[in-house]
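J.: So that you have it, the file is upload11.cif, and it contains mmCIF, C-alpha atoms and all ligand atoms:
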```cif
data_work
loop_
_atom_site.label_atom_id
_atom_site.label_comp_id
_atom_site.auth_asym_id
_atom_site.auth_seq_id
_atom_site.Cartn_x
_atom_site.Cartn_y
_atom_site.Cartn_z
CA MET G 1 87.16 106.89 113.92
CA ILE G 2 84.60 104.11 114.06
CA ASN G 3 82.74 103.74 110.79
CA ASN G 4 79.02 104.38 110.89
CA ILE G 5 77.36 101.37 109.35
CA VAL G 6 74.39 102.30 107.16
CA ILE G 7 73.69 98.85 105.71
CA ASN G 8 74.11 95.63 107.64
CA ILE G 9 73.30 92.37 105.86
CA GLU G 10 73.63 88.98 107.51
CA GLY G 11 72.98 85.63 105.84
CA LEU G 12 70.70 87.09 103.17
CA THR G 13 69.08 84.51 100.92
CA LYS G 14 66.52 84.91 98.14
CA THR G 15 65.05 82.16 96.02
CA TYR G 16 62.78 82.35 92.98
CA ASP G 17 60.81 79.09 93.06
CA LYS G 18 63.61 76.60 93.60
CA PHE G 19 66.37 78.75 92.16
CA THR G 20 68.63 80.45 94.71
CA ALA G 21 69.50 83.89 93.32
CA VAL G 22 71.19 85.19 96.48
CA ASP G 23 72.82 82.68 98.75
CA GLU G 24 73.64 83.48 102.39
CA ILE G 25 75.47 86.73 101.77
CA SER G 26 76.70 89.03 104.53
CA PHE G 27 78.29 92.46 104.34
CA THR G 28 78.19 95.99 105.69
CA VAL G 29 78.30 99.39 104.01
CA ASN G 30 79.78 102.38 105.81
CA GLU G 31 78.48 105.92 105.78
CA GLY G 32 80.01 108.07 103.05
CA GLU G 33 81.60 105.33 101.01
CA VAL G 34 81.10 104.20 97.45
CA PHE G 35 80.39 100.50 97.73
CA ALA G 36 80.25 98.32 94.64
CA LEU G 37 78.62 94.97 94.13
CA LEU G 38 80.58 93.60 91.20
CA GLY G 39 79.52 90.55 89.24
CA PRO G 40 78.44 89.18 85.87
CA ASN G 41 74.90 88.94 84.50
CA GLY G 42 72.59 87.01 86.76
CA ALA G 43 74.94 87.13 89.76
CA GLY G 44 72.20 88.42 92.05
CA LYS G 45 73.14 92.11 92.17
CA THR G 46 69.71 93.56 91.38
CA THR G 47 67.98 91.05 93.63
CA THR G 48 70.22 92.12 96.52
CA VAL G 49 69.72 95.83 95.84
CA GLU G 50 65.96 95.48 95.49
CA ILE G 51 65.75 93.71 98.84
CA ILE G 52 67.68 96.54 100.49
CA GLU G 53 65.39 99.06 98.74
CA CYS G 54 62.38 97.31 100.36
CA LEU G 55 61.09 96.17 96.95
CA LYS G 56 61.58 92.44 97.53
CA THR G 57 61.25 90.29 100.61
CA PRO G 58 64.12 87.93 101.41
CA ASP G 59 63.61 84.28 102.33
CA LYS G 60 66.19 84.37 105.06
CA GLY G 61 68.63 86.70 106.73
CA LYS G 62 68.83 90.06 108.41
CA VAL G 63 68.73 93.40 106.57
CA GLU G 64 69.26 96.58 108.56
CA ILE G 65 69.33 100.02 106.97
CA PHE G 66 70.18 102.99 109.19
CA GLY G 67 69.77 100.56 112.09
CA ILE G 68 66.19 99.74 111.06
CA ASP G 69 65.43 96.06 110.61
CA LEU G 70 63.42 95.65 107.39
CA LYS G 71 61.41 92.84 109.00
CA ASP G 72 59.52 95.66 110.66
CA LYS G 73 57.30 96.51 107.67
CA LYS G 74 55.89 99.61 109.35
CA LYS G 75 59.35 101.14 109.55
CA GLN G 76 60.15 100.45 105.89
CA ASN G 77 58.67 103.81 104.94
CA ASP G 78 61.25 105.52 107.16
CA VAL G 79 63.93 103.74 105.14
CA LYS G 80 62.32 104.56 101.79
CA ARG G 81 62.23 108.23 102.66
CA LYS G 82 65.97 108.29 103.25
CA ILE G 83 67.12 106.42 100.16
CA GLY G 84 67.37 107.31 96.48
CA VAL G 85 67.02 104.70 93.80
CA MET G 86 68.05 104.54 90.19
CA PRO G 87 66.82 101.19 88.86
CA GLN G 88 68.59 99.13 86.23
CA ASN G 89 67.51 100.18 82.71
CA PHE G 90 66.01 103.38 84.09
CA ASN G 91 63.59 105.23 81.83
CA ALA G 92 61.61 108.45 82.09
CA PHE G 93 58.79 109.95 80.01
CA ASP G 94 59.99 110.13 76.41
CA TRP G 95 57.77 113.04 75.39
CA LEU G 96 58.47 115.27 78.38
CA THR G 97 61.47 117.57 78.65
CA VAL G 98 64.12 117.02 81.32
CA LYS G 99 62.54 119.77 83.41
CA GLU G 100 59.01 118.41 83.00
CA ASN G 101 60.16 114.93 83.96
CA LEU G 102 61.84 116.23 87.10
CA GLU G 103 58.80 118.30 88.02
CA TYR G 104 56.55 115.29 87.61
CA PHE G 105 58.64 113.20 90.00
CA LYS G 106 59.07 116.13 92.39
CA ASP G 107 55.27 116.46 92.68
CA LEU G 108 54.94 112.72 93.13
CA TYR G 109 57.28 112.82 96.13
CA SER G 110 56.03 116.22 97.38
CA SER G 111 59.65 117.29 97.24
CA LYS G 112 60.65 120.81 98.22
CA ILE G 113 63.96 120.80 96.35
CA SER G 114 64.09 123.37 93.54
CA THR G 115 64.18 121.96 90.03
CA ASP G 116 67.00 124.33 89.08
CA GLU G 117 69.06 123.12 92.04
CA LEU G 118 68.47 119.52 90.99
CA ILE G 119 69.40 120.29 87.40
CA ASN G 120 72.58 122.04 88.53
CA ARG G 121 73.59 119.22 90.83
CA VAL G 122 73.74 116.71 87.99
CA GLY G 123 74.93 119.16 85.32
CA LEU G 124 71.83 119.07 83.12
CA GLY G 125 71.53 122.86 82.64
CA GLU G 126 71.95 122.84 78.88
CA LYS G 127 69.50 120.01 78.38
CA MET G 128 66.80 121.29 80.69
CA ASN G 129 64.33 121.95 77.85
CA SER G 130 65.26 118.97 75.67
CA MET G 131 62.82 116.15 75.18
CA TYR G 132 63.92 113.06 77.15
CA LYS G 133 63.56 110.94 74.01
CA THR G 134 66.26 112.94 72.21
CA LEU G 135 68.94 112.64 74.91
CA SER G 136 72.11 110.55 74.70
CA GLY G 137 72.42 107.47 76.93
CA GLY G 138 74.71 109.29 79.37
CA THR G 139 72.36 112.27 79.68
CA LYS G 140 69.38 109.97 80.24
CA GLN G 141 71.30 108.35 83.09
CA ARG G 142 71.90 111.82 84.52
CA VAL G 143 68.15 112.39 84.55
CA GLY G 144 67.84 109.08 86.40
CA ILE G 145 70.37 110.20 88.98
CA ALA G 146 68.57 113.56 89.32
CA ILE G 147 65.29 111.75 90.00
CA SER G 148 66.99 109.55 92.60
CA LEU G 149 68.10 112.76 94.36
CA ILE G 150 64.62 114.30 94.55
CA ASN G 151 64.02 113.33 98.18
CA GLU G 152 67.58 114.44 99.13
CA PRO G 153 68.57 110.93 100.21
CA GLU G 154 71.56 110.04 102.38
CA LEU G 155 71.98 106.71 100.65
CA LEU G 156 71.84 106.27 96.90
CA PHE G 157 71.43 103.04 94.95
CA LEU G 158 72.65 103.07 91.36
CA ASP G 159 72.02 99.76 89.60
CA GLU G 160 74.45 99.51 86.66
CA PRO G 161 74.54 103.28 86.11
CA THR G 162 76.84 103.14 83.09
CA ALA G 163 75.74 99.94 81.35
CA GLY G 164 75.89 100.41 77.60
CA LEU G 165 77.39 103.91 77.72
CA ASP G 166 80.36 104.91 75.59
CA PRO G 167 83.67 105.49 77.43
CA GLN G 168 83.31 109.27 77.58
CA ALA G 169 79.75 109.20 78.90
CA ARG G 170 80.87 106.57 81.41
CA ARG G 171 83.65 108.85 82.66
CA GLU G 172 81.24 111.77 82.98
CA THR G 173 78.90 109.61 85.05
CA TRP G 174 81.85 108.57 87.24
CA ASN G 175 82.65 112.23 87.85
CA LEU G 176 79.08 112.88 88.88
CA ILE G 177 79.17 109.92 91.27
CA ARG G 178 82.43 111.25 92.75
CA LYS G 179 80.80 114.64 93.22
CA LEU G 180 77.87 113.06 95.05
CA LYS G 181 80.28 111.22 97.32
CA GLU G 182 82.04 114.52 98.07
CA GLN G 183 78.66 115.90 99.13
CA GLY G 184 78.57 113.17 101.76
CA LYS G 185 76.24 110.66 100.15
CA THR G 186 76.71 106.96 100.63
CA ILE G 187 76.58 105.27 97.24
CA PHE G 188 75.70 101.65 96.60
CA LEU G 189 76.63 100.76 93.08
CA THR G 190 76.22 97.61 91.07
CA THR G 191 78.35 97.03 88.03
CA HIS G 192 79.89 94.41 85.81
CA TYR G 193 82.66 96.78 84.72
CA MET G 194 85.98 96.07 86.44
CA GLU G 195 87.36 99.50 85.64
CA GLU G 196 84.30 101.21 87.08
CA ALA G 197 84.55 99.29 90.35
CA GLN G 198 88.30 99.94 90.55
CA GLU G 199 88.03 103.66 89.75
CA LEU G 200 85.07 104.58 91.92
CA SER G 201 84.77 102.29 94.89
CA ASP G 202 86.11 102.48 98.38
CA ARG G 203 85.13 98.84 98.80
CA ILE G 204 84.05 96.11 96.40
CA LEU G 205 82.19 92.89 96.96
CA ILE G 206 82.51 90.32 94.20
CA ILE G 207 79.36 88.24 93.73
CA ILE G 208 78.95 85.24 91.45
CA GLU G 209 75.92 82.96 91.26
CA GLY G 210 74.49 84.50 94.41
CA LYS G 211 77.59 83.93 96.50
CA ILE G 212 80.26 86.34 97.70
CA VAL G 213 83.64 85.39 96.35
CA ALA G 214 85.78 88.14 97.89
CA GLY G 215 85.64 91.66 99.22
CA GLY G 216 87.87 94.58 100.06
CA SER G 217 89.19 97.86 98.74
CA PRO G 218 90.34 97.76 95.10
CA ASN G 219 93.95 97.80 96.31
CA GLU G 220 93.37 94.98 98.76
CA LEU G 221 91.73 92.81 96.11
CA ILE G 222 94.54 93.49 93.65
CA GLU G 223 97.21 92.95 96.31
CA ASN G 224 95.66 89.71 97.57
CA TYR G 225 94.48 88.15 94.32
CA GLY G 226 96.02 90.09 91.45
CA GLY G 227 99.12 87.94 91.18
CA ASN G 228 102.61 89.00 90.28
CA LYS G 229 104.06 92.41 89.74
CA SER G 230 106.80 92.42 87.17
CA VAL G 231 109.44 94.55 85.49
CA ILE G 232 109.60 94.27 81.72
CA LEU G 233 112.97 95.12 80.21
CA LYS G 234 113.67 95.63 76.54
CA ASN G 235 117.16 95.67 74.99
CA CYS G 236 118.68 94.59 78.25
CA ASN G 237 122.10 93.00 78.65
CA LYS G 238 121.19 89.69 80.29
CA LYS G 239 124.66 89.21 81.68
CA ILE G 240 124.19 92.12 84.09
CA LEU G 241 121.16 90.31 85.53
CA GLU G 242 122.91 86.96 85.64
CA ASP G 243 125.88 88.52 87.47
CA ARG G 244 123.50 89.69 90.17
CA GLY G 245 121.67 86.38 90.33
CA ILE G 246 118.41 87.97 89.16
CA LYS G 247 116.06 85.35 87.68
CA TYR G 248 114.26 86.33 84.50
CA GLU G 249 112.04 84.94 81.78
CA THR G 250 112.63 85.73 78.13
CA GLY G 251 109.60 86.84 76.15
CA MET G 252 108.88 87.99 72.62
CA GLU G 253 110.77 90.78 70.86
CA ASN G 254 113.81 90.60 73.06
CA GLN G 255 111.77 91.31 76.15
CA ILE G 256 112.65 90.10 79.61
CA GLN G 257 110.19 89.72 82.43
CA ILE G 258 111.28 89.76 86.06
CA ILE G 259 108.75 89.07 88.76
CA PHE G 260 109.06 90.97 92.03
CA ASP G 261 107.19 91.09 95.30
CA ASN G 262 108.43 94.15 97.13
CA ASN G 263 110.24 97.45 96.69
CA GLU G 264 113.58 96.01 97.79
CA GLN G 265 113.50 93.49 94.93
CA LEU G 266 112.32 96.19 92.51
CA PHE G 267 115.17 98.54 93.46
CA ASN G 268 117.68 95.70 93.09
CA ILE G 269 116.47 95.06 89.53
CA LEU G 270 116.45 98.75 88.62
CA SER G 271 119.90 99.38 90.09
CA ALA G 272 121.26 96.45 88.06
CA VAL G 273 120.23 98.07 84.78
CA THR G 274 120.73 101.68 85.73
CA ASP G 275 123.97 102.07 83.74
CA ASP G 276 122.62 100.44 80.60
CA PRO G 277 121.76 103.34 78.24
CA ASN G 278 119.71 101.20 75.83
CA VAL G 279 117.37 99.53 78.25
CA GLU G 280 113.64 100.30 78.21
CA ILE G 281 111.86 99.73 81.49
CA GLU G 282 108.19 99.08 82.16
CA ILE G 283 106.72 98.18 85.53
CA LYS G 284 103.58 96.07 85.32
CA LYS G 285 101.14 95.89 88.18
CA PRO G 286 98.06 93.71 88.13
CA ASN G 287 94.63 95.33 88.01
CA LEU G 288 91.20 94.27 89.19
CA ASP G 289 90.72 92.28 85.96
CA GLU G 290 93.55 89.95 86.93
CA ALA G 291 92.31 89.71 90.52
CA PHE G 292 88.84 88.80 89.25
CA LEU G 293 90.27 86.23 86.83
CA ASN G 294 92.41 84.62 89.54
CA LEU G 295 89.47 84.51 91.93
CA THR G 296 86.82 83.21 89.57
CA GLY G 297 88.67 81.69 86.62
CA ARG G 298 86.55 83.97 84.40
CA ARG G 299 86.52 87.36 82.78
CA ILE G 300 83.42 89.50 82.27
CA ASN G 301 82.92 90.87 78.77
CA ALA G 302 81.36 94.25 77.88
CA GLU G 303 77.86 92.76 77.93
CA GLY G 304 78.35 91.46 81.45
CA LEU G 305 78.76 87.79 80.51
CA ALA G 306 81.31 85.75 82.43
CA LYS G 307 83.55 83.65 80.18
N1 LIG G 401 61.49 87.65 89.44
C1 LIG G 401 62.31 86.66 89.12
N2 LIG G 401 61.85 85.41 88.93
C2 LIG G 401 62.67 84.38 88.62
N3 LIG G 401 64.00 84.51 88.48
C3 LIG G 401 64.53 85.74 88.65
C4 LIG G 401 63.71 86.87 88.97
N4 LIG G 401 64.51 87.95 89.08
C5 LIG G 401 65.76 87.52 88.85
N5 LIG G 401 65.78 86.20 88.58
C6 LIG G 401 66.97 85.38 88.32
O1 LIG G 401 67.82 85.48 89.44
C7 LIG G 401 69.19 85.57 89.06
C8 LIG G 401 69.77 86.84 89.61
O2 LIG G 401 69.17 87.93 88.92
P1 LIG G 401 69.57 89.44 89.20
O3 LIG G 401 68.73 90.27 88.32
O4 LIG G 401 69.54 89.68 90.66
O5 LIG G 401 71.09 89.44 88.72
P2 LIG G 401 72.05 90.66 88.34
O6 LIG G 401 73.36 90.35 88.97
O7 LIG G 401 71.40 91.94 88.65
O8 LIG G 401 72.21 90.48 86.76
P3 LIG G 401 72.32 91.60 85.58
O9 LIG G 401 73.78 91.94 85.48
O10 LIG G 401 71.87 90.86 84.39
O11 LIG G 401 71.48 92.75 85.93
C9 LIG G 401 69.19 85.47 87.55
O12 LIG G 401 69.43 84.14 87.18
C10 LIG G 401 67.78 85.90 87.15
O13 LIG G 401 67.39 85.29 85.94
MG MG G 402 70.87 93.55 87.55
#
```
Take the structure in this file and express it as structure tokens.
Ligand SMILES: Nc1ncnc2c1ncn2[C@@H]1O[C@H](COP(=O)(O)OP(=O)(O)OP(=O)(O)O)[C@@H](O)[C@H]1O
Ligand SMILES: [Mg+2]

T.:
Amino acid sequence: MINNIVINIEGLTKTYDKFTAVDEISFTVNEGEVFALLGPNGAGKTTTVEIIECLKTPDKGKVEIFGIDLKDKKKQNDVKRKIGVMPQNFNAFDWLTVKENLEYFKDLYSSKISTDELINRVGLGEKMNSMYKTLSGGTKQRVGIAISLINEPELLFLDEPTAGLDPQARRETWNLIRKLKEQGKTIFLTTHYMEEAQELSDRILIIIEGKIVAGGSPNELIENYGGNKSVILKNCNKKILEDRGIKYETGMENQIQIIFDNNEQLFNILSAVTDDPNVEIEIKKPNLDEAFLNLTGRRINAEGLAK
């Protein structure tokens, strides 16, 4: 099946005065996928998203959404009608209930969707009559996602949807995003959380200082840039390994690390120790964190800062 491209970006550049925030980036997003733009603070994620949402005008480059070139300002309204947006640091009316907030935005967009349906879709039933101000961070984000769904968009932009949430609220938001994907929505996500990108995305684009560093599915990125896979053995008789010519490194607490590339090598290591009753075996595979570190020489901390 040929993928339907819903976003096509070529050579996109955006400067603020003399500062280049987005620098000649190109990528495509396919229909029905969760696509993540992953990068630290100031990488250019929001700038990119806001250009695609028709909120900012680029200096250079081509931006096509649903085949519509955004240079054609008259057609931008057609794009806006088909997209849903949850901005970074989203906020609603503090002193309105969840239901009142949704009804306000529904009226604003002349939306026909029923408020109950909207509330059900994002799992806000129990909080429907709670004042927005009193909600937890995760529930507030749910209201934001509900508002972004008001015009029943095909394409949804979620700019850092779980920033600052605790792990449980983050997981609940991930589940909601998965549910929206199952309903056929295309989801464009920005995040600085490695785990979020790895867990949710079909494809990830890593952006740093306005430039694309790498892209691919989480598995491809880990496979290509994650580095070594290894078997960690504890309480292992080293002679067995030496007899088989298996090279190992000795670590702390009587641990041995053996690097392997493929299943054949892995099976050879495991078969060597299979008769040793005392051995403890752990197989370590790199994750997106390691891939990101190898690619950029940096890690991103919880606040989104690259170190
Ligand atoms: N309106 C503006 N005027 C001047 N500089 C801006 C403006 N908006 C963004 N910038 C700068 O452009 C760079 C990219 O900002 P952007 O908000 O796109 O990054 P981001 O990846 O979304 O970061 P964050 O994770 O903090 O949300 C940053 O250095 C930012 O300070
Ligand atoms: Mg941002």

J.: Quick one: residues within 10 Å of Gln76 of chain G, all atoms listed in the file, excluding same-chain residues fewer than 4 positions away - as an MDAnalysis selection string?

T.: chainID G and resid 53:55 65 68:72 80:81

J.: Using all atoms listed in the file, what are the residues with an atom within 9 Å of ligand MG 402 (chain G), set out as a PyMOL selection string?

T.: chain G and resi 40-47+49+87-89+159-160+190-191

J.: How would you report the residues lying within 12 Å of ligand LIG 401 (chain G), as a PyMOL selection string, if you count all atoms listed in the file?

T.: chain G and resi 13-23+36-51+55-57+87-89+158-164+189-193+206-212+300-306

J.: Keeping C-alpha atoms for every residue in the selection just given, could you write it to a file as a PDB file, keeping the file's coordinate frame?

T.:
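Output (again28.pdb):
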```
ATOM      1  CA  THR G  13      69.080  84.510 100.920  1.00  0.00           C
ATOM      2  CA  LYS G  14      66.520  84.910  98.140  1.00  0.00           C
ATOM      3  CA  THR G  15      65.050  82.160  96.020  1.00  0.00           C
ATOM      4  CA  TYR G  16      62.780  82.350  92.980  1.00  0.00           C
ATOM      5  CA  ASP G  17      60.810  79.090  93.060  1.00  0.00           C
ATOM      6  CA  LYS G  18      63.610  76.600  93.600  1.00  0.00           C
ATOM      7  CA  PHE G  19      66.370  78.750  92.160  1.00  0.00           C
ATOM      8  CA  THR G  20      68.630  80.450  94.710  1.00  0.00           C
ATOM      9  CA  ALA G  21      69.500  83.890  93.320  1.00  0.00           C
ATOM     10  CA  VAL G  22      71.190  85.190  96.480  1.00  0.00           C
ATOM     11  CA  ASP G  23      72.820  82.680  98.750  1.00  0.00           C
ATOM     12  CA  ALA G  36      80.250  98.320  94.640  1.00  0.00           C
ATOM     13  CA  LEU G  37      78.620  94.970  94.130  1.00  0.00           C
ATOM     14  CA  LEU G  38      80.580  93.600  91.200  1.00  0.00           C
ATOM     15  CA  GLY G  39      79.520  90.550  89.240  1.00  0.00           C
ATOM     16  CA  PRO G  40      78.440  89.180  85.870  1.00  0.00           C
ATOM     17  CA  ASN G  41      74.900  88.940  84.500  1.00  0.00           C
ATOM     18  CA  GLY G  42      72.590  87.010  86.760  1.00  0.00           C
ATOM     19  CA  ALA G  43      74.940  87.130  89.760  1.00  0.00           C
ATOM     20  CA  GLY G  44      72.200  88.420  92.050  1.00  0.00           C
ATOM     21  CA  LYS G  45      73.140  92.110  92.170  1.00  0.00           C
ATOM     22  CA  THR G  46      69.710  93.560  91.380  1.00  0.00           C
ATOM     23  CA  THR G  47      67.980  91.050  93.630  1.00  0.00           C
ATOM     24  CA  THR G  48      70.220  92.120  96.520  1.00  0.00           C
ATOM     25  CA  VAL G  49      69.720  95.830  95.840  1.00  0.00           C
ATOM     26  CA  GLU G  50      65.960  95.480  95.490  1.00  0.00           C
ATOM     27  CA  ILE G  51      65.750  93.710  98.840  1.00  0.00           C
ATOM     28  CA  LEU G  55      61.090  96.170  96.950  1.00  0.00           C
ATOM     29  CA  LYS G  56      61.580  92.440  97.530  1.00  0.00           C
ATOM     30  CA  THR G  57      61.250  90.290 100.610  1.00  0.00           C
ATOM     31  CA  PRO G  87      66.820 101.190  88.860  1.00  0.00           C
ATOM     32  CA  GLN G  88      68.590  99.130  86.230  1.00  0.00           C
ATOM     33  CA  ASN G  89      67.510 100.180  82.710  1.00  0.00           C
ATOM     34  CA  LEU G 158      72.650 103.070  91.360  1.00  0.00           C
ATOM     35  CA  ASP G 159      72.020  99.760  89.600  1.00  0.00           C
ATOM     36  CA  GLU G 160      74.450  99.510  86.660  1.00  0.00           C
ATOM     37  CA  PRO G 161      74.540 103.280  86.110  1.00  0.00           C
ATOM     38  CA  THR G 162      76.840 103.140  83.090  1.00  0.00           C
ATOM     39  CA  ALA G 163      75.740  99.940  81.350  1.00  0.00           C
ATOM     40  CA  GLY G 164      75.890 100.410  77.600  1.00  0.00           C
ATOM     41  CA  LEU G 189      76.630 100.760  93.080  1.00  0.00           C
ATOM     42  CA  THR G 190      76.220  97.610  91.070  1.00  0.00           C
ATOM     43  CA  THR G 191      78.350  97.030  88.030  1.00  0.00           C
ATOM     44  CA  HIS G 192      79.890  94.410  85.810  1.00  0.00           C
ATOM     45  CA  TYR G 193      82.660  96.780  84.720  1.00  0.00           C
ATOM     46  CA  ILE G 206      82.510  90.320  94.200  1.00  0.00           C
ATOM     47  CA  ILE G 207      79.360  88.240  93.730  1.00  0.00           C
ATOM     48  CA  ILE G 208      78.950  85.240  91.450  1.00  0.00           C
ATOM     49  CA  GLU G 209      75.920  82.960  91.260  1.00  0.00           C
ATOM     50  CA  GLY G 210      74.490  84.500  94.410  1.00  0.00           C
ATOM     51  CA  LYS G 211      77.590  83.930  96.500  1.00  0.00           C
ATOM     52  CA  ILE G 212      80.260  86.340  97.700  1.00  0.00           C
ATOM     53  CA  ILE G 300      83.420  89.500  82.270  1.00  0.00           C
ATOM     54  CA  ASN G 301      82.920  90.870  78.770  1.00  0.00           C
ATOM     55  CA  ALA G 302      81.360  94.250  77.880  1.00  0.00           C
ATOM     56  CA  GLU G 303      77.860  92.760  77.930  1.00  0.00           C
ATOM     57  CA  GLY G 304      78.350  91.460  81.450  1.00  0.00           C
ATOM     58  CA  LEU G 305      78.760  87.790  80.510  1.00  0.00           C
ATOM     59  CA  ALA G 306      81.310  85.750  82.430  1.00  0.00           C
TER      60      ALA G 306
END
```

J.: Rank G:Lys82, G:Arg299, G:Gln198, G:Met131 by their smallest atom-to-atom distance to Ser148 of chain G, using only C-alpha atoms, and report the top residue only.

T.: G:Lys82

J.: Using atom CA of Ala272 of chain G and atom CA of Arg244 of chain G as the two end points, give the distance in Å to one decimal.

T.: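 Answer for the atom CA of Ala272 of chain G to atom CA of Arg244 of chain G separation: 7.4 Å.
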
J.: Using Å and a single decimal, report how far atom CA of Gly245 of chain G sits from atom CA of Ile259 of chain G.

T.: 13.3 Å

J.: Please measure the separation of atom CA of Gly215 of chain G and atom CA of Ala146 of chain G, giving the value in Å to one decimal.

T.: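 Separation of atom CA of Gly215 of chain G and atom CA of Ala146 of chain G: 29.5 Å.
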
J.: Would you list the contacts of Gly11 of chain G as number ranges by chain, taking every protein, DNA or RNA residue within 6 Å and counting all atoms listed in the file, but skipping same-chain residues closer than 5 positions in sequence?

T.: G: 24-26, 61

J.: Got a sec: who's within 10 Å of segment 181-184 of chain G, counting only C-alpha atoms, leaving out chain neighbours fewer than 3 positions off, as a PyMOL selection string?

T.: chain G and resi 31-34+154-156+175-178+187+200

J.: Within 12 Å of (72.8, 116.6, 91.1), in the coordinates the file gives, what residues turn up when you count only C-alpha atoms, written out as a VMD selection string?

T.: chain G and resid 102 113 to 125 141 to 153 156 173 175 to 183 185

J.: For Asn235 of chain G, which residue out of G:Asp276, G:Glu103, G:Glu172, G:Glu220 is the nearest one, using only C-alpha atoms?

T.: G:Asp276

J.: I'd like to know which of G:Ile281, G:Phe157, G:Leu266, G:Ser111 is closest to Ile83 of chain G, using all atoms listed in the file.

T.: G:Phe157

J.: Can you list, as a PyMOL selection string, every protein, DNA or RNA residue that comes within 9 Å of Asn129 of chain G when you count only C-alpha atoms, leaving out same-chain residues fewer than 5 positions away?

T.: chain G and resi 96-100

J.: Grab the residues selected above and save them as a PDB file, keeping the file's coordinate frame with C-alpha atoms.

T.:
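Result file follows (again.pdb):
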```pdb
ATOM      1  CA  LEU G  96      58.470 115.270  78.380  1.00  0.00           C
ATOM      2  CA  THR G  97      61.470 117.570  78.650  1.00  0.00           C
ATOM      3  CA  VAL G  98      64.120 117.020  81.320  1.00  0.00           C
ATOM      4  CA  LYS G  99      62.540 119.770  83.410  1.00  0.00           C
ATOM      5  CA  GLU G 100      59.010 118.410  83.000  1.00  0.00           C
TER       6      GLU G 100
END
```

J.: Find the residue from G:Leu270, G:Leu293, G:Ile232, G:Leu12 that sits nearest to Lys60 of chain G; use only C-alpha atoms when measuring.

T.: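 Comparing G:Leu270, G:Leu293, G:Ile232, G:Leu12 against Lys60 of chain G, the winner is G:Leu12.
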
J.: Using the file's own x, y and z axes, so that the box edges lie along x, y and z, what centre and edge lengths in Å (one decimal) does a box around every listed atom of segment 231-244 of chain G get when 3 Å is added on each side? Give it as JSON.

T.:
```
{"center_x": 117.7, "center_y": 91.3, "center_z": 82.6, "size_x": 22.4, "size_y": 14.7, "size_z": 21.2}
```

J.: Looking at only C-alpha atoms, which of G:Ser217, G:Asn278, G:Asn268, G:Thr28 is the one that sits closest to Glu10 of chain G?

T.: G:Thr28

J.: Which one is closest to Ile7 of chain G: G:Phe66, G:Phe35, G:Tyr132, G:Phe188? Count all atoms listed in the file.

T.: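 With all atoms listed in the file as the atom set, the closest residue is G:Phe66.
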
J.: Supply segment 108-116 of chain G as a compact mmCIF listing (two decimals), keeping the file's coordinate frame, with N, CA, C and O atoms built in where the input has gaps.

T.:
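Okay, this is what ended up in rebuild24.txt:
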```txt
# COMPACT_ATOMS: atom_id res chain seq x y z
N LEU G 108 55.29 114.06 92.64
CA LEU G 108 54.94 112.72 93.13
C LEU G 108 55.46 112.50 94.55
O LEU G 108 54.81 111.89 95.37
N TYR G 109 56.66 113.01 94.81
CA TYR G 109 57.28 112.82 96.13
C TYR G 109 57.06 114.02 97.04
O TYR G 109 57.66 114.09 98.11
N SER G 110 56.23 114.97 96.61
CA SER G 110 56.03 116.22 97.38
C SER G 110 57.36 116.81 97.82
O SER G 110 57.55 117.19 98.98
N SER G 111 58.30 116.83 96.90
CA SER G 111 59.65 117.29 97.24
C SER G 111 59.74 118.81 97.20
O SER G 111 59.15 119.46 96.35
N LYS G 112 60.51 119.35 98.13
CA LYS G 112 60.65 120.81 98.22
C LYS G 112 61.87 121.31 97.45
O LYS G 112 62.08 122.51 97.29
N ILE G 113 62.72 120.40 97.02
CA ILE G 113 63.96 120.80 96.35
C ILE G 113 63.62 121.57 95.06
O ILE G 113 62.65 121.23 94.36
N SER G 114 64.41 122.62 94.76
CA SER G 114 64.09 123.37 93.54
C SER G 114 64.60 122.62 92.32
O SER G 114 65.65 121.97 92.36
N THR G 115 63.81 122.70 91.25
CA THR G 115 64.18 121.96 90.03
C THR G 115 65.52 122.46 89.49
O THR G 115 66.35 121.67 89.04
N ASP G 116 65.74 123.78 89.58
CA ASP G 116 67.00 124.33 89.08
C ASP G 116 68.19 123.77 89.86
O ASP G 116 69.23 123.44 89.30
```
